[in-house]
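Trainee: The following block contains the structure, expressed as C-alpha cells.
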Amino acid sequence: MAKQSSKPQLAPEQRAAELRQWVNEHSYRYNVLDDPVISDAEYDALMNELRGIETEHPELLTLDSPTQRVGGAVAEGFVKVRHPQPILSLANAFDAEGVKAWRERLARHVAQNNLAGTLDDFVVEPKIDGLTVVLTYDNGLFVQGATRGDGVIGEDVTQNLRTLKGLPLRLRTETTDDAAQKPRRPTTEQNSLSSVVSASEPRRPSSLPSPLSVRGEAYMTLAAFKKMNEALQAAGEKIYANPRNFAAGSLRQLDSRITASRPLHIFCYAIVGREPAPSADGVVADDDHLPKMQWDLLTFLKQLGFPVSDISKRFANLDEAIAYCEDYAKTRDTLAFEIDGMVIKLNDLQLAQGLGFVGKDPRGAIAFKFPARETTTLLKEVKVTIGRTGNLVPNAVLEPVSLGGTTISNATLHNYDDVARKDIRIGDRVMIKRAGDVIPYVAGPVVSARTGAEQIIVPPTRCPFCDTPIAKREGEVALICPNDECPGKVDRAIGHFAGRGSMDIDGLGIKIVAQLIDAELVHDVADLYALTKEELLPLEKFAEKKAQKLIEAIEASKQQPLTRLIIGLGIRHIGEVAADALANYYGSIDALLQATPDEIQEIDGVGPTIAESVADWVKRETTHDLVERLKQAGVNPTQPVRRAPKEPVGVFAGKTFVLTGGMSEPRERIAEWVESLGGKVSDSVSKKTSYVVVGESPGASKISKATQLTVPMIGEDELRKMAVGS
C-alpha cells in the first residue's frame, strides 16, 4: 500500500492567497529592503504557479495580485483627479548662506507666533529629478495613482503605476490575526523556500487611517535611460532628452503594457491629506497612527512596503546638514539616478505644519539646489568648424545663457545626422545640457515653443574653408573635407600637435597658432622647428621674454617619447592607447612607416579600423615628407621594441574595453585604471572588444559598430561594479 502524503492539498483560493503573500513579501525584500532570501528562479516559480491558478480560476484574481503588474488594454484618455490636499513645491536655496537665512526666518516666525518645537533637528533627503505622483490606498489596497498635474488636479495613471515593481499593491500592516496571514516557512513540496520573515525586521504598523495618500517620485536610473534610448534610436524612434522626461513619458502612456516594459522605480517620502480626525465624542484629537517626526515617517513608510531613499539622513546641526548637501553636489554623478539638489526638512512635522506657508511654499522645508546642468535658450545660427582630421562639425550659436555657473553662447550639435534625427532648427528654443566637465551640447528642441518661423538646418555639400566637395566615409556619420591641404585643418592640426597630450609645447595655444599661420611662418607642424625668436618678435603681444620661452618650449618638445609624437601626428582614430601599442611594437617612426595593414592588425589592442587608418596614413607621400622634415629638425624619438607584454593580472584580465562619451573623469585616467586591473582599452570597436563603456553624448560610429557586432554596451557605473565583483 502506497504511503499517503501527510501534506493536505490546499484549495485553489487558499493556495492563491498563500502565493500572493509569498510573492509580495519577496518583492518587498528585493525592491525595498535590498535583502532577497530566494533566487530569481525560485521567485519566478512562485509567480508562474500563481499565474497558472489565476488563469484557470479567473474569479480568484485580485487587485493586489503581483501578476497584475504587466499592464492592460489601451485607455481612451486620462481622467482628472483632485488631490486630497495641494501638492506643493519648495522654496530654493543655492548655497549655505541661503539655507542659514531660511533657518533665521523660521526662528523669527516661531518667536512671533509662540510655536512649540525644535528648530535644530533636520532630515536631509535627495531631490530626485523625476515625476511626482500621489498614491492612494483604501484599507491598505492601492486604488488610485495620479500625477502632480497643477498641484491641485492631476491625471489618473493608476494602471500604469501598478506596473512598477517597487510600488506595494497592498500595504504591509500587522493585525491581530496577522500570524496566520504571514507566509509560513515553505516545505520541500512548496519550492524549498527559506523563511521570508526576518526576526530583526521592524514591527509593522498595527492599523492605518483609510484612505491614505502617499507622495513619491517616479524615476528611471541613468543606466536604464541610456539603454532605453539606445534601443529607441536603433529602432528609429524618438529618443528622450533626460531620464525625467523618459519617466514622465512612460507613466503617461495610454497603453500600460508599454509602461510595464519600461524600468521605472519610485521613492516615497511623505503622507498627504491627513487632518486630525474627530473621536466618537466629537473631540478632535491627534491621529496616533501616524508618526510626528519626518525621520520616523520614513521608517514607517518603509515598514508599510514603500521604497525609501537610503541616502536620507538625520542631523541635529544645520552646518552638518549643509555639509551633507554640499558633498552630494560634488558626488551626485556617483548615484544611480539623477538628482538636482537635496531637501532639508524640519524633523518635527507638527512644528512644520504650524509654520504654514509663504505663498505656495511650505516654510518647514527648503530645497538646496545644485548648479543647473541643463537649461533652454534660443538657437540663433549654426557655424561649421573643421577638425584636424577633416570632420565638419556643426556648432550652435546661442542666445547667451547661464549653466552651472558658466555663461554658454556656443554648443556642439555633434553631426548633421544627429541634427536631423532630433529635428533641431535655427530659431528653435533648445535644451542645452552639460554633465560634469563635458562640453555643452544641444540635447534637442522644445517643440512646443515653435512659432513656425524656424529654419531647417541643411548640411553643406562643399567645404566652407576650401570649397572641396564633401565626402562621407563608409559606416560613419561625419561629413569630411578630403583635402589634406585644406586651410581649415592646419590650425587644428598644429594645435593638436602642440597639445598637452601630444608634444606639450607650452605657450603654443590656438590663438598663437593662428598668428603664426596668418604671418605665413608655419604651414605644418615641421615648420614649428624652423621658427626663430626674430620671426616671433614682430607679432602682436610678442616681447623678448615670451618669444624666447616659446622657442625653448618648441626645442624641449624634441625630447618627447615616441607615443607622444604618434599622437601628435594626428592619425585618424589614434588615441593614447593605440599610439602606445604602435610605439611598443615598432620602436621608431621609420619602422612605423614600413608597416603593413595585416601586420598592424595583429598588434594587441589595435583593431581593423585603426589598422586601416594607419595604413592609409603610411601610404601618403605627404606623410613621408613631413616625417623626414621632422627628423631633420631633430624630432626622431626611439625606444626599445616590446612585442611580448607579460600576461595581465587583475579582475579585467582578458577583457578589452572601448570608452566613448563623457565620463566622471578624463577618459585617459579611466583607461589607466582599467589597465591597472589587467584590462585593455582600445580606441575602436572590433570583434575583440569585450565591452563598450558608454558615457555622456557617445560617438555615434562606436555605438553603431557595437550594435552591428553585438558587443555589450555598459555604463561607467556598471564598469566600476564589475571591478569590485558586484
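Just so we're on the same page: first chain in the C-alpha cells is A, next is B, and so on; residues restart at 1 for each chain, and ligands are numbered from 1 in the order they show up.
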Compile the contact shell of Gly98 in chain A as a PyMOL selection string: residues with an atom at most 12 Å away, counting only C-alpha atoms, same-chain residues fewer than 5 positions apart removed.

Mentor: chain A and resi 91-93+103-105+322+344+366-369

Trainee: Using only C-alpha atoms, please write the residues we just selected to a file, as a PDB file, in the first residue's frame.

Mentor:
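Okay, out.pdb is ready:
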```pdb
ATOM      1  CA  ALA A  91      11.432  77.395  -1.949  1.00  0.00           C
ATOM      2  CA  ASN A  92      15.034  77.175  -3.140  1.00  0.00           C
ATOM      3  CA  ALA A  93      18.419  77.972  -1.647  1.00  0.00           C
ATOM      4  CA  ARG A 103      16.661  78.961   9.395  1.00  0.00           C
ATOM      5  CA  GLU A 104      16.771  82.538  10.711  1.00  0.00           C
ATOM      6  CA  ARG A 105      13.370  83.293   9.155  1.00  0.00           C
ATOM      7  CA  ILE A 322      24.508  71.783   4.771  1.00  0.00           C
ATOM      8  CA  ILE A 344      16.368  69.981   4.119  1.00  0.00           C
ATOM      9  CA  ILE A 366      13.791  74.120   1.671  1.00  0.00           C
ATOM     10  CA  ALA A 367      15.474  72.762  -1.447  1.00  0.00           C
ATOM     11  CA  PHE A 368      19.263  73.107  -1.597  1.00  0.00           C
ATOM     12  CA  LYS A 369      19.536  73.329  -5.385  1.00  0.00           C
TER      13      LYS A 369
END
```

Trainee: Determine, counting only C-alpha atoms, which protein, DNA and RNA residues have an atom within 12 Å of an atom of Ser686 in chain A; residues of the same chain fewer than 2 positions away are not included. Present the result as a PyMOL selection string.

Mentor: chain A and resi 601+605-611+656-658+681-684+688-692+701-712

Trainee: Print the selection's residues with C-alpha atoms to a file, as a PDB file, in the first residue's frame.

Mentor:
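Saved to result10.pdb:
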```pdb
ATOM      1  CA  GLN A 601      46.018  44.486 -37.122  1.00  0.00           C
ATOM      2  CA  GLY A 605      44.958  46.474 -28.742  1.00  0.00           C
ATOM      3  CA  VAL A 606      44.671  47.525 -32.400  1.00  0.00           C
ATOM      4  CA  GLY A 607      41.526  46.707 -34.367  1.00  0.00           C
ATOM      5  CA  PRO A 608      40.738  46.745 -38.090  1.00  0.00           C
ATOM      6  CA  THR A 609      39.550  50.372 -38.087  1.00  0.00           C
ATOM      7  CA  ILE A 610      42.816  51.638 -36.610  1.00  0.00           C
ATOM      8  CA  ALA A 611      44.855  49.332 -38.857  1.00  0.00           C
ATOM      9  CA  THR A 656      39.120  44.716 -23.902  1.00  0.00           C
ATOM     10  CA  PHE A 657      37.129  47.903 -23.386  1.00  0.00           C
ATOM     11  CA  VAL A 658      36.306  50.848 -25.635  1.00  0.00           C
ATOM     12  CA  VAL A 681      41.490  49.785 -23.628  1.00  0.00           C
ATOM     13  CA  SER A 682      41.150  50.177 -27.371  1.00  0.00           C
ATOM     14  CA  ASP A 683      40.251  53.229 -29.433  1.00  0.00           C
ATOM     15  CA  SER A 684      37.976  51.347 -31.833  1.00  0.00           C
ATOM     16  CA  LYS A 688      37.923  41.576 -29.934  1.00  0.00           C
ATOM     17  CA  THR A 689      36.049  44.173 -27.851  1.00  0.00           C
ATOM     18  CA  SER A 690      34.525  42.789 -24.652  1.00  0.00           C
ATOM     19  CA  TYR A 691      32.508  45.874 -23.662  1.00  0.00           C
ATOM     20  CA  VAL A 692      31.815  49.381 -24.932  1.00  0.00           C
ATOM     21  CA  SER A 701      30.044  55.421 -35.021  1.00  0.00           C
ATOM     22  CA  LYS A 702      31.176  53.410 -31.987  1.00  0.00           C
ATOM     23  CA  ILE A 703      27.583  52.804 -30.884  1.00  0.00           C
ATOM     24  CA  SER A 704      26.669  51.736 -34.416  1.00  0.00           C
ATOM     25  CA  LYS A 705      29.680  49.398 -34.650  1.00  0.00           C
ATOM     26  CA  ALA A 706      28.953  47.860 -31.242  1.00  0.00           C
ATOM     27  CA  THR A 707      25.339  47.249 -32.266  1.00  0.00           C
ATOM     28  CA  GLN A 708      26.456  45.708 -35.554  1.00  0.00           C
ATOM     29  CA  LEU A 709      28.923  43.351 -33.830  1.00  0.00           C
ATOM     30  CA  THR A 710      26.579  42.730 -30.839  1.00  0.00           C
ATOM     31  CA  VAL A 711      29.244  43.964 -28.412  1.00  0.00           C
ATOM     32  CA  PRO A 712      27.717  44.567 -24.939  1.00  0.00           C
TER      33      PRO A 712
END
```

Trainee: Just the residues within 12 Å of Glu718 in chain A, please, counting only C-alpha atoms, with nothing from its chain fewer than 2 positions along; format it as a count of residues only.

Mentor: 23

Trainee: Between CA of Trp22 in chain A and CA of Ile53 in chain A, what is the distance in Å, rounded to a tenth?

Mentor: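 Interatomic distance, CA of Trp22 in chain A to CA of Ile53 in chain A: 14.8 Å.
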
Trainee: Quick one: residues within 7 Å of Phe465 in chain A, only C-alpha atoms counted, chain neighbours fewer than 3 positions away excluded, as a PyMOL selection string?

Mentor: chain A and resi 486-488

Trainee: Mind writing the picked residues with N, CA and C atoms as a PDB file, in the first residue's frame?

Mentor:
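Writing the result to part_38.pdb gives the following:
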```
ATOM      1  N   CYS A 486      43.605  71.493 -46.908  1.00  0.00           N
ATOM      2  CA  CYS A 486      42.538  72.433 -46.548  1.00  0.00           C
ATOM      3  C   CYS A 486      43.035  73.386 -45.467  1.00  0.00           C
ATOM      4  N   PRO A 487      42.933  74.704 -45.677  1.00  0.00           N
ATOM      5  CA  PRO A 487      43.421  75.658 -44.671  1.00  0.00           C
ATOM      6  C   PRO A 487      42.660  75.583 -43.364  1.00  0.00           C
ATOM      7  N   GLY A 488      41.450  75.053 -43.411  1.00  0.00           N
ATOM      8  CA  GLY A 488      40.682  74.924 -42.177  1.00  0.00           C
ATOM      9  C   GLY A 488      41.260  73.905 -41.221  1.00  0.00           C
TER      10      GLY A 488
END
```

Trainee: Neighbouring residues of Pro400 in chain A were defined as those with any atom within 6 Å, considering only C-alpha atoms; residues of the same chain fewer than 2 positions away were excluded. Please report them as a PDB file with N, CA and C atoms, in the first residue's frame.

Mentor:
```
ATOM      1  N   LEU A 398      24.288  80.448 -29.724  1.00  0.00           N
ATOM      2  CA  LEU A 398      23.134  80.553 -28.835  1.00  0.00           C
ATOM      3  C   LEU A 398      22.957  81.945 -28.266  1.00  0.00           C
ATOM      4  N   ILE A 408      26.983  80.286 -21.344  1.00  0.00           N
ATOM      5  CA  ILE A 408      27.117  79.465 -22.542  1.00  0.00           C
ATOM      6  C   ILE A 408      26.564  80.235 -23.737  1.00  0.00           C
ATOM      7  N   SER A 409      27.382  80.428 -24.777  1.00  0.00           N
ATOM      8  CA  SER A 409      26.916  81.081 -26.002  1.00  0.00           C
ATOM      9  C   SER A 409      27.128  80.197 -27.226  1.00  0.00           C
TER      10      SER A 409
END
```

Trainee: List the neighbours of Leu251 in chain A out to 7 Å using only C-alpha atoms; skip same-chain residues closer than 6 positions along the sequence, and give me the result as JSON, numbers by chain.

Mentor: {"A": [157, 160, 259]}
